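Okay, model.json now, which holds JSON, C-alpha atoms:
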```json
[["chain", "number", "residue", "atom", "x", "y", "z"],
["A", 1145, "MET", "CA", 8.74, 71.14, 1.30],
["A", 1146, "LYS", "CA", 6.55, 68.84, 3.28],
["A", 1147, "THR", "CA", 3.64, 67.09, 1.55],
["A", 1148, "ASN", "CA", 1.20, 64.71, 3.02],
["A", 1149, "PHE", "CA", 0.24, 61.24, 1.86],
["A", 1150, "TYR", "CA", -3.01, 62.43, 0.25],
["A", 1151, "GLU", "CA", -1.21, 64.96, -1.95],
["A", 1152, "VAL", "CA", 1.32, 62.41, -3.19],
["A", 1153, "HIS", "CA", -1.42, 60.01, -4.25],
["A", 1154, "THR", "CA", -3.46, 62.81, -5.81],
["A", 1155, "ASP", "CA", -0.48, 63.78, -7.95],
["A", 1156, "ILE", "CA", -0.06, 60.19, -9.12],
["A", 1157, "PHE", "CA", -3.71, 59.88, -10.13],
["A", 1158, "LYS", "CA", -3.66, 63.25, -11.93],
["A", 1159, "GLY", "CA", -0.89, 61.94, -14.16],
["A", 1160, "LYS", "CA", 1.92, 64.00, -12.69],
["A", 1161, "GLY", "CA", 3.93, 60.85, -12.04],
["A", 1162, "PHE", "CA", 5.58, 59.55, -8.98],
["A", 1163, "SER", "CA", 8.51, 61.21, -7.37],
["A", 1164, "GLY", "CA", 10.44, 59.05, -5.00],
["A", 1165, "GLN", "CA", 11.74, 62.13, -3.29],
["A", 1166, "ALA", "CA", 8.24, 63.49, -2.67],
["A", 1167, "ALA", "CA", 7.19, 60.15, -1.19],
["A", 1168, "GLN", "CA", 10.16, 60.09, 1.12],
["A", 1169, "GLU", "CA", 9.56, 63.62, 2.21],
["A", 1170, "SER", "CA", 5.86, 63.09, 2.77],
["A", 1171, "ALA", "CA", 5.84, 59.79, 4.53],
["A", 1172, "GLY", "CA", 9.24, 59.62, 6.13],
["A", 1173, "LYS", "CA", 10.03, 56.52, 8.16],
["A", 1174, "LYS", "CA", 6.41, 55.32, 8.16],
["A", 1175, "ALA", "CA", 6.45, 54.93, 4.36],
["A", 1176, "ARG", "CA", 9.57, 52.78, 4.53],
["A", 1177, "ARG", "CA", 8.00, 50.57, 7.17],
["A", 1178, "ALA", "CA", 4.75, 50.35, 5.21],
["A", 1179, "GLY", "CA", 6.69, 49.41, 2.06],
["A", 1180, "THR", "CA", 8.60, 46.78, 3.99],
["A", 1181, "GLY", "CA", 5.36, 45.41, 5.38],
["A", 1182, "TYR", "CA", 3.84, 45.31, 1.91],
["A", 1183, "ARG", "CA", 6.88, 43.47, 0.53],
["A", 1184, "ARG", "CA", 6.83, 41.08, 3.47],
["A", 1185, "SER", "CA", 3.13, 40.38, 2.95],
["A", 1186, "LEU", "CA", 3.69, 39.89, -0.76],
["A", 1187, "PHE", "CA", 6.55, 37.48, -0.01],
["A", 1188, "VAL", "CA", 4.46, 35.47, 2.47],
["A", 1189, "VAL", "CA", 1.52, 35.19, 0.07],
["A", 1190, "THR", "CA", 3.77, 34.23, -2.85],
["A", 1191, "PHE", "CA", 5.68, 31.71, -0.75],
["A", 1192, "SER", "CA", 2.41, 30.19, 0.50],
["A", 1193, "LEU", "CA", 1.08, 29.82, -3.03],
["A", 1194, "ILE", "CA", 4.30, 28.18, -4.19],
["A", 1195, "CYS", "CA", 4.29, 25.74, -1.27],
["A", 1196, "THR", "CA", 0.66, 24.92, -1.84],
["A", 1197, "GLY", "CA", 1.41, 24.25, -5.49],
["A", 1198, "LEU", "CA", 4.30, 21.97, -4.56],
["A", 1199, "PHE", "CA", 2.34, 19.80, -2.17],
["A", 1200, "ALA", "CA", -1.17, 19.91, -3.56],
["A", 1201, "PRO", "CA", -2.08, 17.45, -6.29],
["A", 1202, "GLY", "CA", -3.04, 18.86, -9.65],
["A", 1203, "ASN", "CA", -6.49, 18.65, -11.14],
["A", 1204, "GLN", "CA", -5.49, 15.80, -13.40],
["A", 1205, "THR", "CA", -4.39, 13.47, -10.62],
["A", 1206, "ALA", "CA", -6.38, 10.48, -9.55],
["A", 1207, "ALA", "CA", -5.76, 8.37, -6.47],
["A", 1208, "ILE", "CA", -6.81, 4.76, -6.61],
["A", 1209, "ALA", "CA", -6.51, 2.73, -3.46],
["A", 1210, "ALA", "CA", -5.21, -0.78, -3.89],
["A", 1211, "SER", "CA", -7.76, -3.32, -2.87],
["A", 1212, "GLN", "CA", -7.07, -6.58, -1.20],
["A", 1213, "ALA", "CA", -7.29, -9.58, -3.47],
["A", 1214, "VAL", "CA", -10.21, -11.86, -2.82],
["A", 1215, "ASN", "CA", -8.94, -15.28, -1.82],
["A", 1216, "PRO", "CA", -11.75, -17.83, -1.72],
["A", 1217, "TYR", "CA", -9.37, -20.41, -0.23],
["A", 1218, "PHE", "CA", -8.00, -18.41, 2.70],
["A", 1219, "SER", "CA", -10.23, -20.03, 5.31],
["A", 1220, "LEU", "CA", -9.40, -23.45, 3.90],
["A", 1221, "LEU", "CA", -5.69, -22.63, 3.95],
["A", 1222, "MET", "CA", -5.88, -21.64, 7.61],
["A", 1223, "ALA", "CA", -7.87, -24.78, 8.48],
["A", 1224, "VAL", "CA", -5.36, -27.02, 6.68],
["A", 1225, "ALA", "CA", -2.47, -25.31, 8.49],
["A", 1226, "MET", "CA", -4.16, -25.91, 11.84],
["A", 1227, "VAL", "CA", -4.96, -29.58, 11.11],
["A", 1228, "GLU", "CA", -1.54, -30.33, 9.65],
["A", 1229, "THR", "CA", 0.79, -28.51, 12.08],
["A", 1230, "LEU", "CA", -1.24, -26.31, 14.44],
["A", 1231, "GLY", "CA", 0.23, -23.40, 12.48],
["A", 1232, "ASP", "CA", 3.91, -24.35, 12.89],
["A", 1233, "PRO", "CA", 5.89, -23.32, 9.78],
["A", 1234, "LEU", "CA", 8.92, -25.30, 10.93],
["A", 1235, "ALA", "CA", 7.09, -28.59, 11.41],
["A", 1236, "TYR", "CA", 8.67, -31.78, 10.08],
["A", 1237, "ASN", "CA", 7.03, -35.20, 9.81],
["A", 1238, "GLU", "CA", 9.85, -37.73, 9.69],
["A", 1239, "GLU", "CA", 7.55, -40.64, 8.82],
["A", 1240, "GLU", "CA", 6.24, -38.96, 5.64],
["A", 1241, "ASN", "CA", 9.16, -36.60, 5.03],
["A", 1242, "ALA", "CA", 6.63, -33.72, 4.97],
["A", 1243, "VAL", "CA", 7.77, -30.22, 5.85],
["A", 1244, "GLY", "CA", 6.48, -26.79, 6.69],
["A", 1245, "LEU", "CA", 3.18, -25.24, 7.63],
["A", 1246, "LEU", "CA", 1.16, -27.33, 5.20],
["A", 1247, "GLN", "CA", 3.21, -30.55, 5.40],
["A", 1248, "ILE", "CA", 4.27, -30.67, 1.78],
["A", 1249, "ARG", "CA", 6.07, -33.80, 0.57],
["A", 1250, "GLN", "CA", 8.63, -34.24, -2.21],
["A", 1251, "VAL", "CA", 6.09, -35.90, -4.52],
["A", 1252, "ARG", "CA", 3.95, -32.75, -4.37],
["A", 1253, "ILE", "CA", 6.96, -30.53, -5.15],
["A", 1254, "ASP", "CA", 7.92, -32.72, -8.11],
["A", 1255, "ASP", "CA", 4.38, -32.53, -9.48],
["A", 1256, "TYR", "CA", 4.21, -28.77, -8.95],
["A", 1257, "ASN", "CA", 7.55, -28.24, -10.69],
["A", 1258, "ARG", "CA", 6.48, -30.41, -13.64],
["A", 1259, "ARG", "CA", 3.16, -28.58, -14.03],
["A", 1260, "THR", "CA", 4.47, -25.04, -13.59],
["A", 1261, "GLY", "CA", 8.01, -25.24, -14.92],
["A", 1262, "SER", "CA", 9.32, -24.16, -11.51],
["A", 1263, "ASN", "CA", 12.36, -25.51, -9.75],
["A", 1264, "LEU", "CA", 11.27, -25.50, -6.09],
["A", 1265, "THR", "CA", 12.89, -27.69, -3.46],
["A", 1266, "LEU", "CA", 11.41, -29.40, -0.42],
["A", 1267, "GLU", "CA", 13.54, -27.20, 1.87],
["A", 1268, "GLN", "CA", 11.83, -24.12, 0.44],
["A", 1269, "MET", "CA", 8.54, -25.35, 1.87],
["A", 1270, "TYR", "CA", 9.65, -24.17, 5.31],
["A", 1271, "ASP", "CA", 9.08, -20.68, 3.87],
["A", 1272, "VAL", "CA", 5.42, -19.91, 4.54],
["A", 1273, "GLY", "CA", 5.06, -17.83, 1.38],
["A", 1274, "MET", "CA", 6.39, -20.60, -0.82],
["A", 1275, "SER", "CA", 4.26, -23.31, 0.76],
["A", 1276, "VAL", "CA", 1.17, -21.12, 0.49],
["A", 1277, "LYS", "CA", 1.99, -20.55, -3.19],
["A", 1278, "VAL", "CA", 2.05, -24.32, -3.78],
["A", 1279, "PHE", "CA", -1.17, -24.85, -1.82],
["A", 1280, "MET", "CA", -2.98, -22.07, -3.68],
["A", 1281, "TYR", "CA", -1.93, -23.53, -7.01],
["A", 1282, "TYR", "CA", -3.53, -26.87, -6.18],
["A", 1283, "ALA", "CA", -6.56, -25.25, -4.58],
["A", 1284, "SER", "CA", -7.17, -23.22, -7.73],
["A", 1285, "LEU", "CA", -7.33, -26.41, -9.79],
["A", 1286, "GLY", "CA", -10.57, -27.33, -8.02],
["A", 1287, "SER", "CA", -13.96, -25.69, -7.92],
["A", 1288, "HIS", "CA", -14.21, -22.45, -5.95],
["A", 1289, "LYS", "CA", -17.28, -23.75, -4.18],
["A", 1290, "ASP", "CA", -16.17, -27.24, -3.23],
["A", 1291, "LEU", "CA", -13.73, -26.83, -0.36],
["A", 1292, "GLU", "CA", -14.27, -30.45, 0.64],
["A", 1293, "LYS", "CA", -12.87, -31.76, -2.65],
["A", 1294, "ILE", "CA", -9.91, -29.39, -2.44],
["A", 1295, "ALA", "CA", -9.10, -30.46, 1.13],
["A", 1296, "LYS", "CA", -9.43, -34.16, 0.37],
["A", 1297, "ALA", "CA", -7.25, -33.83, -2.74],
["A", 1298, "TRP", "CA", -4.62, -32.02, -0.66],
["A", 1299, "ASN", "CA", -4.61, -34.84, 1.88],
["A", 1300, "GLY", "CA", -4.45, -37.67, -0.59],
["A", 1301, "SER", "CA", -6.98, -40.38, -1.27],
["A", 1302, "GLY", "CA", -8.79, -43.18, 0.48],
["A", 1303, "PRO", "CA", -11.02, -43.48, 3.52],
["A", 1304, "MET", "CA", -8.75, -41.34, 5.72],
["A", 1305, "THR", "CA", -9.73, -38.27, 3.73],
["A", 1306, "GLU", "CA", -13.20, -38.41, 5.36],
["A", 1307, "LEU", "CA", -11.63, -38.06, 8.80],
["A", 1308, "TYR", "CA", -9.33, -35.33, 7.46],
["A", 1309, "TRP", "CA", -12.31, -33.37, 6.09],
["A", 1310, "LYS", "CA", -14.13, -33.70, 9.40],
["A", 1311, "ARG", "CA", -11.11, -32.19, 11.19],
["A", 1312, "ILE", "CA", -10.82, -29.40, 8.58],
["A", 1313, "LYS", "CA", -14.50, -28.44, 9.07],
["A", 1314, "GLU", "CA", -13.82, -27.81, 12.76],
["A", 1315, "TYR", "CA", -11.56, -24.89, 11.77],
["A", 1316, "LEU", "CA", -13.67, -23.49, 8.95]]
```
Rewrite the structure of this file - the entire thing - as structure tokens.
Amino acid sequence: MKTNFYEVHTDIFKGKGFSGQAAQESAGKKARRAGTGYRRSLFVVTFSLICTGLFAPGNQTAAIAASQAVNPYFSLLMAVAMVETLGDPLAYNEEENAVGLLQIRQVRIDDYNRRTGSNLTLEQMYDVGMSVKVFMYYASLGSHKDLEKIAKAWNGSGPMTELYWKRIKEYL
């Protein structure tokens, strides 16, 4: 008995049920291909939804971009590095036994260690990060607005600090 597609669906809607045999007889190879296509489409849609769920953030996620810290002494730091060593992190001043980018001396390291409870050495001042850390500590002791006082205090004391400040201003 050969039935067409319309009759099979009409029987289903009339409550007569579904007969797998009737469907095979009515649709033949086309029904199998259509079923395979339906399953394939269902698989693709399901797989896409799963992948989207794996890679898409949920509704309760928030992304906060890390901002760069504001460093009010950065320009002063760069100016001091240029005046002291022309930016050479391996500089050594034999006369003063000052080392590194910012020409840090042992007396400064001793004071820093006493104030902060650190145990830094003069040799560590060849490391730019460490010497910048020491400089920033002393810079933060001064007023944010008075770069002149910070620079002069970094250099020392006396009339030579005026010349030092004049040289620093050229790089600011």
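When atom CA of A:Asp1232 is paired with atom CA of A:Leu1245, their separation reads 5.4 Å.
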How far is it from atom CA of A:Met1226 to atom CA of A:Ala1295, in Å with one decimal?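 Atom CA of A:Ala1295 lies 12.6 Å from atom CA of A:Met1226.
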Between atom CA of A:Gly1302 and atom CA of A:Glu1228, distance in Å (one decimal):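 Value for the atom CA of A:Gly1302-atom CA of A:Glu1228 distance: 17.4 Å.
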Excluding A:Ala1297 and its own-chain neighbours fewer than 5 positions away, which residues fall within 12 Å of it when counting all atoms listed in the file? Please give them as an NGL selection string. :A and (1224 or 1252 or 1279 or 1282-1287 or 1290-1292 or 1302 or 1304-1306 or 1308-1309)
